[in-house]
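Asks: Following this line is target-v5.cif, made up of mmCIF, C-alpha atoms:
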data_data
loop_
_atom_site.label_atom_id
_atom_site.label_comp_id
_atom_site.auth_asym_id
_atom_site.auth_seq_id
_atom_site.Cartn_x
_atom_site.Cartn_y
_atom_site.Cartn_z
CA MET A 1 0.00 0.00 0.00
CA PRO A 2 1.47 3.41 -0.96
CA LEU A 3 2.54 5.59 1.93
CA GLY A 4 -0.26 7.54 3.56
CA ASP A 5 -3.16 5.74 1.82
CA GLU A 6 -4.80 5.10 5.18
CA LEU A 7 -4.84 8.86 5.87
CA SER A 8 -7.37 11.46 4.78
CA ALA A 9 -6.45 13.76 1.88
CA GLU A 10 -5.66 16.43 4.45
CA GLY A 11 -3.49 13.97 6.40
CA ARG A 12 -1.57 12.98 3.27
CA ALA A 13 -0.93 16.63 2.43
CA ALA A 14 0.33 17.26 5.98
CA LEU A 15 2.57 14.21 5.83
CA GLY A 16 3.98 15.42 2.51
CA GLU A 17 4.80 18.75 4.13
CA TYR A 18 6.55 17.09 7.06
CA LEU A 19 8.59 14.79 4.80
CA LEU A 20 9.65 17.75 2.66
CA LEU A 21 10.76 19.69 5.73
CA MET A 22 12.90 16.80 6.98
CA ALA A 23 14.29 16.11 3.50
CA ASP A 24 15.30 19.75 3.01
CA ASP A 25 16.96 19.87 6.46
CA GLU A 26 19.03 16.80 5.65
CA LEU A 27 19.91 17.90 2.13
CA VAL A 28 21.06 21.37 3.14
CA ILE A 29 23.14 20.28 6.16
CA GLY A 30 24.53 17.41 4.07
CA HIS A 31 25.67 19.88 1.43
CA ARG A 32 27.28 22.17 4.01
CA ASP A 33 29.07 19.20 5.62
CA SER A 34 30.35 18.10 2.21
CA GLU A 35 32.02 21.49 1.76
CA TRP A 36 34.54 20.49 4.45
CA CYS A 37 36.01 17.76 2.26
CA ALA A 38 39.77 18.50 1.98
CA PHE A 39 39.55 21.31 4.58
CA ALA A 40 38.85 19.42 7.82
CA PRO A 41 41.45 19.59 10.64
CA LEU A 42 42.99 16.23 9.68
CA ILE A 43 42.73 13.92 6.71
CA GLU A 44 40.99 11.21 8.75
CA GLU A 45 38.30 13.77 9.56
CA ASP A 46 37.97 14.69 5.88
CA VAL A 47 36.89 11.13 5.18
CA ALA A 48 34.72 10.83 8.29
CA PHE A 49 32.88 14.11 7.76
CA ALA A 50 32.42 13.51 4.03
CA SER A 51 30.90 10.18 4.96
CA ILE A 52 28.52 11.88 7.39
CA ALA A 53 27.59 14.34 4.62
CA GLN A 54 26.76 11.40 2.34
CA ASP A 55 24.61 9.86 5.07
CA GLU A 56 22.62 13.10 5.47
CA ILE A 57 22.08 13.42 1.73
CA SER A 58 21.03 9.77 1.50
CA HIS A 59 18.48 10.41 4.28
CA ALA A 60 17.17 13.35 2.25
CA ALA A 61 16.92 11.02 -0.77
CA LEU A 62 14.88 8.54 1.28
CA PHE A 63 12.41 11.27 2.25
CA TYR A 64 12.24 12.68 -1.29
CA GLU A 65 11.49 9.18 -2.58
CA LEU A 66 8.58 8.88 -0.17
CA ILE A 67 7.27 12.24 -1.41
CA GLU A 68 7.78 11.05 -4.98
CA SER A 69 5.63 7.99 -4.24
CA MET A 70 2.88 10.24 -2.88
CA ARG A 71 3.00 13.16 -5.30
CA GLY A 72 4.79 11.91 -8.41
CA LEU A 73 7.48 14.61 -8.37
CA GLY A 74 10.97 13.32 -9.13
CA ARG A 75 13.46 13.46 -6.29
CA ASP A 76 16.07 15.38 -8.30
CA GLN A 77 13.43 17.93 -9.20
CA LEU A 78 12.52 18.18 -5.51
CA ALA A 79 16.12 18.52 -4.38
CA PHE A 80 17.55 20.80 -7.08
CA GLY A 81 14.60 22.31 -8.89
CA ARG A 82 13.05 24.57 -6.24
CA PRO A 83 13.90 28.20 -5.51
CA ALA A 84 15.01 29.26 -2.00
CA SER A 85 11.52 30.59 -1.22
CA GLU A 86 10.14 27.03 -1.53
CA MET A 87 12.79 25.34 0.59
CA ARG A 88 11.55 24.21 4.03
CA ASN A 89 14.86 23.78 5.84
CA ALA A 90 15.64 25.68 9.03
CA THR A 91 17.92 28.70 8.45
CA LEU A 92 20.53 27.35 10.90
CA LEU A 93 21.40 24.61 8.42
CA GLU A 94 21.95 26.89 5.43
CA ARG A 95 24.51 29.12 7.19
CA GLU A 96 28.01 29.11 5.80
CA ASN A 97 30.33 26.73 7.62
CA GLY A 98 32.46 29.37 9.33
CA ASP A 99 35.05 27.72 11.56
CA TRP A 100 35.27 24.13 12.76
CA ALA A 101 33.76 25.10 16.13
CA PHE A 102 30.59 26.47 14.48
CA THR A 103 30.39 23.40 12.25
CA ILE A 104 30.65 21.03 15.21
CA ALA A 105 28.23 23.00 17.41
CA ARG A 106 25.65 22.99 14.60
CA HIS A 107 26.32 19.35 13.65
CA TYR A 108 25.80 18.19 17.24
CA LEU A 109 22.77 20.30 18.12
CA TYR A 110 21.01 19.63 14.82
CA ASP A 111 21.55 15.90 15.25
CA LEU A 112 20.08 16.13 18.77
CA ALA A 113 16.99 17.83 17.32
CA ASP A 114 16.84 15.29 14.49
CA GLU A 115 17.04 12.41 16.97
CA LEU A 116 13.99 13.79 18.84
CA ARG A 117 11.77 13.78 15.76
CA LEU A 118 13.12 10.40 14.57
CA GLU A 119 12.34 8.87 17.98
CA GLN A 120 8.78 10.01 17.44
CA LEU A 121 8.60 8.74 13.85
CA ALA A 122 10.02 5.37 14.89
CA LYS A 123 6.77 4.87 16.87
CA CYS A 124 4.57 5.87 13.94
CA HIS A 125 1.72 3.56 12.91
CA LEU A 126 2.68 3.77 9.21
CA PRO A 127 5.10 0.85 8.70
CA THR A 128 7.04 2.44 5.82
CA LEU A 129 7.68 5.61 7.75
CA ARG A 130 8.62 3.65 10.87
CA ALA A 131 11.13 1.57 8.90
CA VAL A 132 12.70 4.65 7.31
CA ALA A 133 13.00 6.36 10.71
CA GLU A 134 14.63 3.31 12.25
CA ARG A 135 17.09 2.99 9.41
CA ILE A 136 18.08 6.66 9.63
CA ARG A 137 18.44 6.49 13.42
CA ARG A 138 21.06 3.77 13.17
CA GLU A 139 23.33 6.17 11.27
CA GLU A 140 22.37 9.23 13.28
CA HIS A 141 23.44 7.42 16.43
CA TYR A 142 26.96 7.46 15.05
CA HIS A 143 26.71 11.11 14.02
CA LEU A 144 25.85 12.07 17.58
CA GLU A 145 28.79 10.09 18.88
CA HIS A 146 31.05 11.87 16.39
CA GLY A 147 29.66 15.31 17.30
CA ALA A 148 30.03 14.65 21.03
CA MET A 149 33.61 13.47 20.53
CA TRP A 150 34.53 16.76 18.88
CA LEU A 151 32.52 18.91 21.27
CA VAL A 152 34.39 17.40 24.22
CA ARG A 153 37.75 17.91 22.53
CA LEU A 154 37.06 21.50 21.55
CA SER A 155 35.83 22.31 25.06
CA ARG A 156 39.08 20.95 26.54
CA GLY A 157 41.37 22.06 23.74
CA GLY A 158 42.69 25.22 25.37
CA SER A 159 41.30 28.72 25.69
CA GLU A 160 41.03 29.53 21.99
CA ALA A 161 39.15 26.35 21.11
CA ARG A 162 36.95 26.78 24.14
CA SER A 163 36.02 30.39 23.47
CA ARG A 164 35.38 29.64 19.81
CA VAL A 165 33.07 26.74 20.61
CA GLN A 166 31.19 28.78 23.23
CA ALA A 167 30.77 31.64 20.74
CA ALA A 168 29.56 29.17 18.13
CA LEU A 169 27.02 27.75 20.58
CA GLU A 170 25.57 31.23 21.19
CA ARG A 171 24.89 31.54 17.46
CA VAL A 172 23.68 27.99 16.97
CA VAL A 173 21.35 27.92 19.97
CA ARG A 174 19.83 31.28 19.03
CA GLU A 175 18.98 30.00 15.58
CA SER A 176 18.03 26.45 16.65
CA ARG A 177 14.54 27.70 17.60
CA GLY A 178 13.88 27.77 13.87
CA LEU A 179 14.19 23.98 13.77
CA PHE A 180 11.02 23.90 15.85
CA GLN A 181 9.04 26.54 13.98
CA PRO A 182 5.34 25.79 14.56
CA MET A 183 3.55 24.75 11.40
CA ALA A 184 -0.21 24.77 10.84
CA TRP A 185 -0.30 21.21 9.49
CA GLU A 186 1.37 19.67 12.57
CA GLN A 187 -1.98 19.36 14.33
CA ILE A 188 -3.38 17.29 11.46
CA LEU A 189 -0.56 14.74 11.80
CA VAL A 190 -1.30 14.46 15.51
CA ALA A 191 -5.05 14.17 14.91
CA GLU A 192 -4.51 11.37 12.38
CA GLY A 193 -2.19 9.55 14.79
CA VAL A 194 0.95 9.79 12.63
CA ILE A 195 2.91 11.39 15.47
CA ALA A 196 2.12 11.69 19.16
CA ALA A 197 2.91 15.39 19.60
CA ARG A 198 3.54 18.45 17.43
CA PRO A 199 7.21 18.52 16.38
CA SER A 200 7.45 22.17 17.44
CA HIS A 201 6.57 21.06 20.98
CA LEU A 202 9.80 19.06 21.18
CA TYR A 203 11.73 22.30 21.68
CA GLN A 204 11.80 22.19 25.50
CA GLU A 205 12.99 18.60 25.46
CA PHE A 206 15.65 19.66 22.96
CA ARG A 207 16.86 22.46 25.24
CA GLU A 208 17.02 20.06 28.18
CA ARG A 209 19.03 17.44 26.32
CA ALA A 210 21.32 20.06 24.83
CA GLY A 211 21.82 21.67 28.25
CA THR A 212 22.77 18.34 29.81
CA ALA A 213 25.22 17.53 27.00
CA LEU A 214 26.87 20.95 27.15
CA ALA A 215 27.13 20.81 30.95
CA THR A 216 29.15 17.58 30.75
CA CYS A 217 31.65 19.51 28.58
CA GLY A 218 31.63 22.47 31.00
CA LEU A 219 29.99 24.61 28.31
CA ARG A 220 27.22 27.11 28.95
CA MET A 221 23.77 26.63 27.43
CA PRO A 222 22.86 30.01 25.92
CA PRO A 223 19.50 31.53 26.90
CA ASP A 224 16.37 31.06 24.84
CA VAL A 225 15.48 33.74 22.30
CA PRO A 226 12.33 35.79 22.83
CA PRO A 227 9.30 34.77 20.74
CA GLY A 228 9.08 36.91 17.64
CA GLU A 229 12.80 36.65 16.94
CA HIS A 230 12.57 33.10 15.70
CA PRO A 231 13.90 32.38 12.22
CA ARG A 232 11.19 31.28 9.78
CA GLY A 233 13.02 29.21 7.21
CA ARG A 234 10.25 26.61 7.16
CA THR A 235 7.88 29.14 5.59
CA GLY A 236 10.46 30.49 3.14
CA GLY A 237 12.18 33.11 5.34
CA HIS A 238 15.70 32.25 4.22
CA THR A 239 19.03 34.06 4.16
CA PRO A 240 21.06 34.93 1.04
CA GLU A 241 23.36 32.09 2.11
CA LEU A 242 20.73 29.55 1.00
CA ARG A 243 20.40 31.10 -2.47
CA GLU A 244 24.13 30.79 -2.93
CA LEU A 245 24.11 27.20 -1.66
CA LEU A 246 21.29 26.23 -4.06
CA GLN A 247 23.10 27.92 -6.92
CA THR A 248 26.19 25.76 -6.32
CA MET A 249 24.41 22.55 -5.40
CA GLY A 250 22.07 22.51 -8.42
CA GLU A 251 24.53 23.79 -10.99
CA VAL A 252 25.24 20.43 -12.64
CA TRP A 253 21.63 19.26 -12.53
CA ARG A 254 20.38 22.50 -14.11
CA SER A 255 22.87 22.13 -16.98
CA ASP A 256 20.63 19.28 -18.22
CA PRO A 257 17.71 18.29 -15.96
CA THR A 258 16.74 15.40 -18.24
CA ALA A 259 20.17 13.75 -18.22
CA SER A 260 20.54 10.33 -16.66
CA TRP A 261 23.60 10.28 -14.38
CA MET B 1 47.44 19.61 15.19
CA ALA B 2 49.31 16.82 13.39
CA ASP B 3 52.04 16.87 16.05
CA ASP B 4 49.63 15.85 18.80
CA LEU B 5 48.37 12.80 16.97
CA THR B 6 49.05 9.13 17.64
CA VAL B 7 49.02 6.41 15.02
CA PHE B 8 46.53 3.65 15.76
CA GLU B 9 46.29 0.30 14.01
CA VAL B 10 42.68 -0.72 13.38
CA PHE B 11 41.43 -4.31 13.53
CA GLY B 12 37.96 -5.35 12.45
CA ARG B 13 35.83 -8.43 13.02
CA GLU B 14 33.52 -9.18 10.09
CA ARG B 15 31.27 -11.66 11.85
CA LYS B 16 30.72 -12.79 15.39
CA GLY B 17 33.16 -15.56 16.33
CA GLU B 18 35.68 -14.63 13.65
CA PRO B 19 39.08 -13.19 14.48
CA HIS B 20 39.83 -9.48 14.20
CA ARG B 21 41.89 -8.78 11.11
CA HIS B 22 44.04 -5.77 10.36
CA ALA B 23 41.96 -3.15 8.53
CA GLY B 24 44.42 -0.26 8.30
CA SER B 25 45.74 2.60 10.35
CA LEU B 26 44.83 6.18 11.20
CA ARG B 27 45.91 9.13 13.31
CA ALA B 28 43.87 10.44 16.23
CA ALA B 29 44.36 12.45 19.40
CA ASP B 30 43.37 9.52 21.63
CA ALA B 31 41.79 6.07 21.58
CA GLN B 32 38.19 7.30 21.79
CA MET B 33 38.67 9.58 18.82
CA ALA B 34 40.37 6.72 16.98
CA VAL B 35 37.33 4.49 17.56
CA VAL B 36 34.94 7.16 16.26
CA LEU B 37 37.03 7.91 13.17
CA ALA B 38 37.74 4.23 12.47
CA GLN B 39 34.02 3.59 12.17
CA GLU B 40 33.76 6.04 9.27
CA LEU B 41 37.11 5.23 7.69
CA PHE B 42 36.89 1.46 7.71
CA CYS B 43 33.18 0.64 7.99
CA ARG B 44 32.20 2.60 4.87
CA ARG B 45 32.76 -0.14 2.32
CA LYS B 46 32.85 -3.14 4.60
CA GLU B 47 30.72 -4.19 7.52
CA TYR B 48 32.31 -5.04 10.83
CA VAL B 49 30.54 -6.19 13.95
CA GLN B 50 33.39 -4.91 16.09
CA ILE B 51 36.55 -2.90 15.70
CA TRP B 52 39.62 -2.54 17.88
CA VAL B 53 42.14 0.27 17.83
CA VAL B 54 45.65 -0.28 19.16
CA PRO B 55 48.34 2.38 19.45
CA ARG B 56 51.12 1.42 17.06
CA THR B 57 53.65 1.83 19.87
CA ALA B 58 52.00 -1.14 21.66
CA ILE B 59 52.99 -3.48 18.84
CA HIS B 60 56.24 -5.43 19.08
CA TRP B 61 57.68 -7.65 16.39
CA ALA B 62 60.11 -10.48 15.86
CA PRO B 63 63.25 -9.53 13.92
CA ASP B 64 62.62 -9.41 10.20
CA GLY B 65 65.24 -10.33 7.61
CA ASP B 66 65.54 -12.22 4.34
CA ALA B 67 64.73 -15.67 5.73
CA PRO B 68 61.08 -16.51 6.43
CA LEU B 69 60.15 -17.10 10.04
CA GLY B 70 58.56 -20.37 11.08
CA PRO B 71 59.05 -24.02 10.07
CA GLU B 72 61.51 -25.11 7.42
CA PRO B 73 59.74 -25.70 4.07
CA GLN B 74 60.43 -29.44 4.00
CA ARG B 75 58.55 -30.00 7.25
CA VAL B 76 55.25 -29.98 5.38
CA TYR B 77 53.35 -31.74 8.16
CA ARG B 78 53.43 -28.48 10.10
CA ILE B 79 51.60 -26.43 7.53
CA GLY B 80 48.16 -26.78 5.96
CA GLU B 81 49.53 -27.21 2.43
CA GLY B 82 51.07 -30.52 3.43
CA TYR B 83 47.59 -32.03 3.68
CA ARG B 84 46.44 -31.04 0.22
CA GLY B 85 46.29 -34.69 -0.96
CA THR B 86 44.39 -36.02 2.05
CA VAL B 87 40.96 -35.99 0.39
CA GLU B 88 42.27 -38.00 -2.58
CA LYS B 89 43.89 -40.57 -0.28
CA TRP B 90 40.74 -40.87 1.78
CA LYS B 91 38.71 -41.61 -1.37
CA ARG B 92 41.22 -44.21 -2.50
CA PHE B 93 40.82 -46.07 0.78
CA GLY B 94 37.04 -46.17 0.53
CA GLY B 95 35.91 -43.01 2.33
CA ASP B 96 33.38 -40.63 0.81
CA GLY B 97 35.92 -37.83 0.57
CA ASP B 98 34.47 -35.72 3.34
CA ALA B 99 37.74 -34.94 5.05
CA SER B 100 36.03 -32.66 7.56
CA ARG B 101 34.65 -35.74 9.34
CA GLY B 102 38.19 -36.71 10.09
#
With the file now loaded, output its structure as structure tokens.
Replies:
Amino acid sequence: MPLGDELSAEGRAALGEYLLLMADDELVIGHRDSEWCAFAPLIEEDVAFASIAQDEISHAALFYELIESMRGLGRDQLAFGRPASEMRNATLLERENGDWAFTIARHYLYDLADELRLEQLAKCHLPTLRAVAERIRREEHYHLEHGAMWLVRLSRGGSEARSRVQAALERVVRESRGLFQPMAWEQILVAEGVIAARPSHLYQEFRERAGTALATCGLRMPPDVPPGEHPRGRTGGHTPELRELLQTMGEVWRSDPTASW
Amino acid sequence: MADDLTVFEVFGRERKGEPHRHAGSLRAADAQMAVVLAQELFCRRKEYVQIWVVPRTAIHWAPDGDAPLGPEPQRVYRIGEGYRGTVEKWKRFGGDGDASRG
């Protein structure tokens, strides 16, 4: 049975929105991670981080395929053929890489947020979605381990590393609220039993888990941002950094969208 | 950064019950970092159920030279190759050739 056939038309549309949001998050962070290839602090990390980037992009591909099965839009078209205003990713993920400390702070905190929504999806009553969530979680488990390993090392790596990682956390935490931007269709997914709670309501749990993880590294959890200052990438409120990213990422595909690679 | 790194040798076990075999080497700041990096470096194209990392300085070796270590070549009974003809002999003497039944 195709994904979402047991849902109402409204439920299927909401599920499509949620899948697109997760796919765009994974694609955009995967692309940013891939930009570190050949620039990471050591060659072993070049390989490791490039591999993580591939994982994220393959997770995006899984979600785009599910959308394809529901809506009939090709996954390359979905990934490369949309303008910035139609991308649903959180703004945090489109930001330029900056230094290694910012990259690691974002990598770790985004994966924490991702784990929260995957935990929820892994309990979903739609078997296809549950299987996809479980498969992705196996790899994300490793990503978290990798992020934590670096976070600990940067926090203990002397005063420069420490101050850079703390500064990065201030930026990342401020913008992480955008990962939990409330969306109108969330309630439909809850009502149809796809997920137990609105994804935007996972924010407090996210802050608690992040706070605990940072405390073990002796790092300070930056304060929450006031409502009204939240980034709104999920509804198209992106930064120029995303337009540039899309320009680069889709360059080859746009040269001949009908080509078979 | 490169000055603070240690070389680790990585050993991987492909299936439960099988021995760990040498997979390669990498540099890392410590063993925990080596374990994390080894998972991406060596588990990308091959699946392992477990990996070990060992600092290269922990490895000691017998002197190497031109002569092979171990038994002299004529003492074939000590090495597996010396039993290559066993199945044939077993058949000749009326067995069904299943040497594994001893």
Asks: Expanded to explicit residues, what is the PyMOL selection byres ((chain A) within 10 of (chain B)) for this file, as a PDB file with C-alpha atoms, in the frame of the given file?
Replies:
ATOM      1  CA  PRO A  41      41.450  19.590  10.640  1.00  0.00           C
ATOM      2  CA  LEU A  42      42.990  16.230   9.680  1.00  0.00           C
ATOM      3  CA  ILE A  43      42.730  13.920   6.710  1.00  0.00           C
ATOM      4  CA  GLU A  44      40.990  11.210   8.750  1.00  0.00           C
ATOM      5  CA  GLU A  45      38.300  13.770   9.560  1.00  0.00           C
ATOM      6  CA  ASP A  46      37.970  14.690   5.880  1.00  0.00           C
ATOM      7  CA  VAL A  47      36.890  11.130   5.180  1.00  0.00           C
ATOM      8  CA  ALA A  48      34.720  10.830   8.290  1.00  0.00           C
ATOM      9  CA  PHE A  49      32.880  14.110   7.760  1.00  0.00           C
ATOM     10  CA  ALA A  50      32.420  13.510   4.030  1.00  0.00           C
ATOM     11  CA  SER A  51      30.900  10.180   4.960  1.00  0.00           C
ATOM     12  CA  ILE A  52      28.520  11.880   7.390  1.00  0.00           C
ATOM     13  CA  TYR A 142      26.960   7.460  15.050  1.00  0.00           C
ATOM     14  CA  HIS A 143      26.710  11.110  14.020  1.00  0.00           C
ATOM     15  CA  GLU A 145      28.790  10.090  18.880  1.00  0.00           C
ATOM     16  CA  HIS A 146      31.050  11.870  16.390  1.00  0.00           C
ATOM     17  CA  GLY A 147      29.660  15.310  17.300  1.00  0.00           C
ATOM     18  CA  MET A 149      33.610  13.470  20.530  1.00  0.00           C
ATOM     19  CA  TRP A 150      34.530  16.760  18.880  1.00  0.00           C
ATOM     20  CA  ARG A 153      37.750  17.910  22.530  1.00  0.00           C
TER      21      ARG A 153
END
Asks: Kindly give the distance, in Å, that separates atom CA of Leu154 of chain A and atom CA of Gln166 of chain A, rounded to a single decimal.
Replies: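 These atoms are spaced 9.5 Å apart.
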Asks: Once the PyMOL selection byres ((chain B and resi 52) around 6) has been evaluated on this model, what residues remain selected, and can you format them as an MDAnalysis selection string?
Replies: chainID B and resid 10:11 51 53
Asks: Segment 238-252 of chain A: which residues within 10 Å, counting all atoms listed in the file, same-chain residues fewer than 3 positions away excluded, as a ChimeraX atom specification?
Replies: /A:27-28,31-32,76-77,79-96,231-235,255-257
Asks: Find the spatial neighbours of Glu14 of chain B, counting all atoms listed in the file, within a cut-off of 8 Å - ignore same-chain residues fewer than 6 positions away - and output them as a VMD selection string.
Replies: chain B and resid 20 47 to 50
Asks: Identify all residues satisfying the PyMOL selection byres ((chain A and resi 109) around 8) in the given file; provide them as a PyMOL selection string.
Replies: chain A and resi 105-108+110-113+172-173+176+210
Asks: Please compute the atom CA of Arg135 of chain A-atom CA of Ala53 of chain A distance, one decimal, in Å.
Replies: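 Computing the Euclidean distance for atom CA of Arg135 of chain A and atom CA of Ala53 of chain A yields 16.2 Å.
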Asks: Quick one: residues within 8 Å of segment 3-17 of chain A, all atoms listed in the file counted, chain neighbours fewer than 6 positions away excluded, as a ChimeraX atom specification?
Replies: /A:66-67,69-70,126,128-129,185-186,188-189,192
Asks: Could you please determine the separation between atom CA of Leu169 of chain A and atom CA of Met183 of chain A in Å, to one decimal place?
Replies: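 Between atom CA of Leu169 of chain A and atom CA of Met183 of chain A the gap is 25.4 Å.
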Asks: Write out as a PyMOL selection string the residues lying within 6 Å of segment 97-102 of chain A, counting all atoms listed in the file and excluding same-chain residues fewer than 2 positions away.
Replies: chain A and resi 104-105+165+168
Asks: Include C-alpha atoms and write out the residues we just selected as an mmCIF file, keeping the file's coordinate frame.
Replies:
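Writing done, so here's selection-v3.cif:
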data_model
loop_
_atom_site.group_PDB
_atom_site.id
_atom_site.type_symbol
_atom_site.label_atom_id
_atom_site.label_comp_id
_atom_site.auth_asym_id
_atom_site.auth_seq_id
_atom_site.Cartn_x
_atom_site.Cartn_y
_atom_site.Cartn_z
ATOM 1 C CA ILE A 104 30.650 21.030 15.210
ATOM 2 C CA ALA A 105 28.230 23.000 17.410
ATOM 3 C CA VAL A 165 33.070 26.740 20.610
ATOM 4 C CA ALA A 168 29.560 29.170 18.130
#
Asks: Please determine the residues with any atom at most 12 Å from (55.0, 0.0, 17.1) (coordinates as given in the file, with all atoms listed in the file counting) and report them as number ranges by chain.
Replies: B: 6-9, 25, 54-62
Asks: Mind writing the picked residues with C-alpha atoms as a short mmCIF file (atom, residue, chain, number, x, y, z; two decimals), keeping the file's coordinate frame?
Replies:
data_model
loop_
_atom_site.label_atom_id
_atom_site.label_comp_id
_atom_site.auth_asym_id
_atom_site.auth_seq_id
_atom_site.Cartn_x
_atom_site.Cartn_y
_atom_site.Cartn_z
CA THR B 6 49.05 9.13 17.64
CA VAL B 7 49.02 6.41 15.02
CA PHE B 8 46.53 3.65 15.76
CA GLU B 9 46.29 0.30 14.01
CA SER B 25 45.74 2.60 10.35
CA VAL B 54 45.65 -0.28 19.16
CA PRO B 55 48.34 2.38 19.45
CA ARG B 56 51.12 1.42 17.06
CA THR B 57 53.65 1.83 19.87
CA ALA B 58 52.00 -1.14 21.66
CA ILE B 59 52.99 -3.48 18.84
CA HIS B 60 56.24 -5.43 19.08
CA TRP B 61 57.68 -7.65 16.39
CA ALA B 62 60.11 -10.48 15.86
#
